[in-house]
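First the structure, in the form of structure tokens, and then the observations on it.
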Amino acid sequence: MSGWLEAVRWNAEGLVPVVAQEAAPPHRVLMLAWMNREALARTVATGRAVYWSRSRGRLWAKGERSGHVQRVREIRLDCDGDTLLLLVEQEGLACHTGRRSCFYRRLEGDAWAEAEPVARDPRAIYGEQDGEVSGDGG
């Protein structure tokens, strides 16, 4: 493996958390996901975000089902070496709930309130499976 991959402090499962943020203003934080070595290497090779899906137990290219891909403009490693930041151009929506960002809930007093509306019905993006919207941001 390349030296830059070895510089990342992978957790016991061989994963690292990854924050995806818009590269251009307003620099919205879009989502948090996970990568393993192969996902990071593929991201660098293709210029598109590839993550490790813990729920599916496999790699998934962001947008593989929705078409809402993330074009990676820059990758940063934090001071401890254990978290990545992807600066991306988001095509379409980042969240499988049909919102621009996965961080759409804001704490107001003692309850979570929706601070960002649904931009597109997720059933129109992903379809329905057993009456529930399926998706892992893919």
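Order determines the names: the first chain of the structure tokens is A, the second B, and so forth; residues in each chain are numbered 1 upward, and ligands are numbered 1 upward as they are shown.
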
What's around range 68-85 of chain A at 8 Å? Count only C-alpha atoms, leave out sequence neighbours fewer than 4 positions away in its own chain, and write the answer as a list in words.
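Everything that qualifies: Ala7, Val8, Arg9, Trp10, Asn11, Val16, Pro17, Val18, Val19, Ala20, Gln21, Ala23, Thr43, Gly47, Arg48, Ala49, Ala61, Lys62, Gly63, Glu64, Glu89, Gln90, Glu91, Gly92, Leu93, Ala94 and Gly138 of chain A.
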
Please return, as a PyMOL selection string, all residues of range 65-110 of chain A that DSSP assigns to strand (DSSP E) on the basis of the backbone.
chain A and resi 70-77+84-90+105-108

C-alpha atoms of the current selection, written as a tab-separated table (two decimals), in the first residue's frame:
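As written to disk, result-v1.tsv reads:
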chain	number	residue	atom	x	y	z
A	70	GLN	CA	-19.80	13.52	-5.20
A	71	ARG	CA	-16.88	14.76	-7.28
A	72	VAL	CA	-13.92	15.04	-4.95
A	73	ARG	CA	-11.94	18.26	-5.23
A	74	GLU	CA	-9.70	17.87	-2.17
A	75	ILE	CA	-9.02	15.35	0.59
A	76	ARG	CA	-7.73	16.41	3.99
A	77	LEU	CA	-6.54	14.42	6.98
A	84	LEU	CA	-10.89	12.55	6.69
A	85	LEU	CA	-12.55	15.58	5.14
A	86	LEU	CA	-13.68	15.41	1.52
A	87	LEU	CA	-14.32	18.72	-0.20
A	88	VAL	CA	-16.78	17.80	-2.93
A	89	GLU	CA	-19.01	19.05	-5.67
A	90	GLN	CA	-22.31	17.41	-4.83
A	105	ARG	CA	-32.11	18.40	12.39
A	106	ARG	CA	-31.36	21.17	14.89
A	107	LEU	CA	-31.68	20.95	18.66
A	108	GLU	CA	-34.27	23.46	19.83

According to DSSP computed on the backbone, where in range 14-134 of chain A is there helix (DSSP H, G or I)? Give the residues as a list of chain:residue names.
A:Arg37, A:Glu38, A:Ala39, A:Leu40, A:Ala41, A:Arg42, A:Thr43, A:Val44, A:Ala45, A:Thr46, A:Pro122, A:Arg123, A:Ala124, A:Ile125, A:Tyr126

For the selection just defined, write its residues with N, CA and C atoms to a file, as a compact mmCIF listing (two decimals), in the first residue's frame.
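Produced file result.txt, reproduced below:
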# COMPACT_ATOMS: atom_id res chain seq x y z
N ARG A 37 -9.46 1.17 3.40
CA ARG A 37 -8.33 1.49 2.51
C ARG A 37 -8.74 1.45 1.04
N GLU A 38 -9.49 0.42 0.67
CA GLU A 38 -9.89 0.28 -0.73
C GLU A 38 -10.80 1.43 -1.16
N ALA A 39 -11.71 1.84 -0.30
CA ALA A 39 -12.61 2.96 -0.64
C ALA A 39 -11.82 4.24 -0.86
N LEU A 40 -10.85 4.50 0.03
CA LEU A 40 -10.05 5.71 -0.12
C LEU A 40 -9.20 5.65 -1.39
N ALA A 41 -8.60 4.51 -1.65
CA ALA A 41 -7.79 4.36 -2.86
C ALA A 41 -8.64 4.54 -4.12
N ARG A 42 -9.86 3.99 -4.13
CA ARG A 42 -10.75 4.15 -5.29
C ARG A 42 -11.20 5.60 -5.45
N THR A 43 -11.45 6.25 -4.32
CA THR A 43 -11.84 7.66 -4.36
C THR A 43 -10.74 8.49 -5.02
N VAL A 44 -9.50 8.26 -4.60
CA VAL A 44 -8.37 8.99 -5.17
C VAL A 44 -8.22 8.66 -6.66
N ALA A 45 -8.37 7.40 -7.01
CA ALA A 45 -8.17 6.97 -8.41
C ALA A 45 -9.25 7.50 -9.35
N THR A 46 -10.51 7.57 -8.86
CA THR A 46 -11.63 7.95 -9.74
C THR A 46 -12.03 9.41 -9.63
N PRO A 122 -37.83 10.94 -1.32
CA PRO A 122 -36.84 9.87 -1.50
C PRO A 122 -37.40 8.65 -2.24
N ARG A 123 -38.70 8.43 -2.20
CA ARG A 123 -39.28 7.30 -2.95
C ARG A 123 -39.11 7.52 -4.45
N ALA A 124 -39.08 8.78 -4.87
CA ALA A 124 -38.86 9.10 -6.28
C ALA A 124 -37.39 8.88 -6.66
N ILE A 125 -36.52 8.92 -5.68
CA ILE A 125 -35.08 8.74 -5.92
C ILE A 125 -34.71 7.26 -5.88
N TYR A 126 -35.15 6.57 -4.82
CA TYR A 126 -34.70 5.21 -4.56
C TYR A 126 -35.76 4.15 -4.81

Between CA of Cys95 in chain A and CA of Trp34 in chain A, measure the distance and give it in Å to one decimal.
14.8 Å

CA of Arg28 in chain A and CA of Ser101 in chain A are how many Å apart?
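Here the two named atoms are 7.5 Å from each other.
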